[in-house]
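Each remark here refers to the structure printed beneath this line.
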Amino acid sequence: MPLGIYPGSFDPVTNGHLDIISRASTIFDQIIVAIAMDNNKDTLFTVDERKDMLINVTQSYPNVTVEVFSGLLIDYAERKGAAGIIRGLRAVSDFEYEMQLAAMNKKMAEKCETIFFTTSTEYSFLSSSIIKQVAALGGCVSGLVPEIVELSLRKKFLTNEEA
Ligand code: COA
């Protein structure tokens with residue numbers, strides 16, 4: 001499969017996301033990890049911070065690049081000529097939302113396919129929000145996020161405390 005787009009808010013990227021990127025990179029010739037500007041979320045990290053962290057943690061995958069997009073995912077995917085949209089499924093609870101996204105994208109562009117990867121069980125409980133909550137309260141997130149993300153979280157919450 002030539003090009004896959006892995007979209008998300010990545011606030012911040014976790015080892016669960018990386019697990020999907022790593023596995024998808026063996027199936028797709030090329031992957032764009034695409035940070036969505038329009039995601040209805042208040043984010044902790046700026047888009048540039050999220051992009052820098054993603055670039056850093058994906059540098060060992062030569063067929064993975066990182067971009068930011070605004071507007072509809074489907075328009076962006078079409079502009080890029082993507083063969084499919086990559087999403088991860090962690091648990092049954094993800095299913096309904098993911099089906100809705102995939103079906104809406106399909107409705108807007110018949111040719112658009114969404115390819116789901118089941119998240120590895122050791123990361124099935126992970127989300128960016130739970131990582132932020134644990135880190136904000138001084139908990140240990142080691143092994144759940146890349147080291148650079150752990151450091152960035154520490155810095156962010158230290159700065160927020162000082163402010
Ligand atoms: N490991 C760890 N966490 C995972 C995960 C995995 N494998 N897979 C999903 N998650 C978590 C994320 O950390 C995130 O957690 P959070 O809610 O605590 O931040 C959550 O699951 C889902 O977030 P994400 O995958 O980033 O998707 P999203 O719901 O924020 O955004 C987009 C989904 C970007 C695809 C969607 O908003 C979009 O397409 N936006 C563009 C505008 C558009 O086209 N809208 C119409 C869509 S039909």
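Identifiers in the structure tokens: chain A, B, ... in order shown; residue index from 1 per chain; ligand index from 1 in order shown.
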
### Task
Would you list the contacts of segment 15-28 of chain A as a PyMOL selection string, taking every protein, DNA or RNA residue within 12 Å and counting only C-alpha atoms, but skipping same-chain residues closer than 5 positions in sequence?
chain A and resi 1-10+33-34+53-66+82-90+115-128+131+141-150

### Query
Quick one: DSSP strand (DSSP E or B) residues in chain A, as a PyMOL selection string?
chain A and resi 3-8+30-36+64-69+84-89+114-118+142+145

### Message
DSSP on the backbone: which residues in segment 21-85 of chain A end up as helix (DSSP H, G or I)? Give the answer as a ChimeraX atom specification.
### Response
/A:21-24,47-57,73-80

Would you save the residues from that selection as a PDB file, in the first residue's frame, using C-alpha atoms?
ATOM      1  CA  ILE A  21       3.222   3.749  13.657  1.00  0.00           C
ATOM      2  CA  SER A  22       5.870   1.051  13.930  1.00  0.00           C
ATOM      3  CA  ARG A  23       3.544  -1.744  12.800  1.00  0.00           C
ATOM      4  CA  ALA A  24       1.921   0.311  10.038  1.00  0.00           C
ATOM      5  CA  VAL A  47       1.081  22.218  17.513  1.00  0.00           C
ATOM      6  CA  ASP A  48       4.795  22.951  16.996  1.00  0.00           C
ATOM      7  CA  GLU A  49       5.684  21.174  20.236  1.00  0.00           C
ATOM      8  CA  ARG A  50       3.621  18.140  19.232  1.00  0.00           C
ATOM      9  CA  LYS A  51       5.186  18.111  15.784  1.00  0.00           C
ATOM     10  CA  ASP A  52       8.734  18.365  17.172  1.00  0.00           C
ATOM     11  CA  MET A  53       8.116  15.467  19.581  1.00  0.00           C
ATOM     12  CA  LEU A  54       6.647  13.337  16.795  1.00  0.00           C
ATOM     13  CA  ILE A  55       9.554  14.076  14.456  1.00  0.00           C
ATOM     14  CA  ASN A  56      11.992  13.160  17.205  1.00  0.00           C
ATOM     15  CA  VAL A  57      10.350   9.842  18.092  1.00  0.00           C
ATOM     16  CA  LEU A  73      -9.100  15.003   7.055  1.00  0.00           C
ATOM     17  CA  ILE A  74     -10.623  13.570   3.928  1.00  0.00           C
ATOM     18  CA  ASP A  75      -9.686  16.627   1.827  1.00  0.00           C
ATOM     19  CA  TYR A  76      -6.140  16.434   3.155  1.00  0.00           C
ATOM     20  CA  ALA A  77      -5.958  12.676   2.453  1.00  0.00           C
ATOM     21  CA  GLU A  78      -7.187  13.225  -1.099  1.00  0.00           C
ATOM     22  CA  ARG A  79      -4.704  16.056  -1.688  1.00  0.00           C
ATOM     23  CA  LYS A  80      -1.919  13.721  -0.582  1.00  0.00           C
TER      24      LYS A  80
END

### atom CA of Asn39 of chain A to atom 38 (C, counted along the ligand's line) of ligand 1, distance in Å rounded to a single decimal
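Between atom CA of Asn39 of chain A and atom 38 (C, counted along the ligand's line) of ligand 1 the gap is 5.6 Å.
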
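With only C-alpha atoms as the basis for measurement, A:Leu72 is the residue among A:Gly139, A:Leu72, A:Thr43, A:Glu96 that approaches Met108 of chain A most closely.
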
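Note that atom 25 (O, counted along the ligand's line) of ligand 1 and atom CA of Val92 of chain A are 14.7 Å apart.
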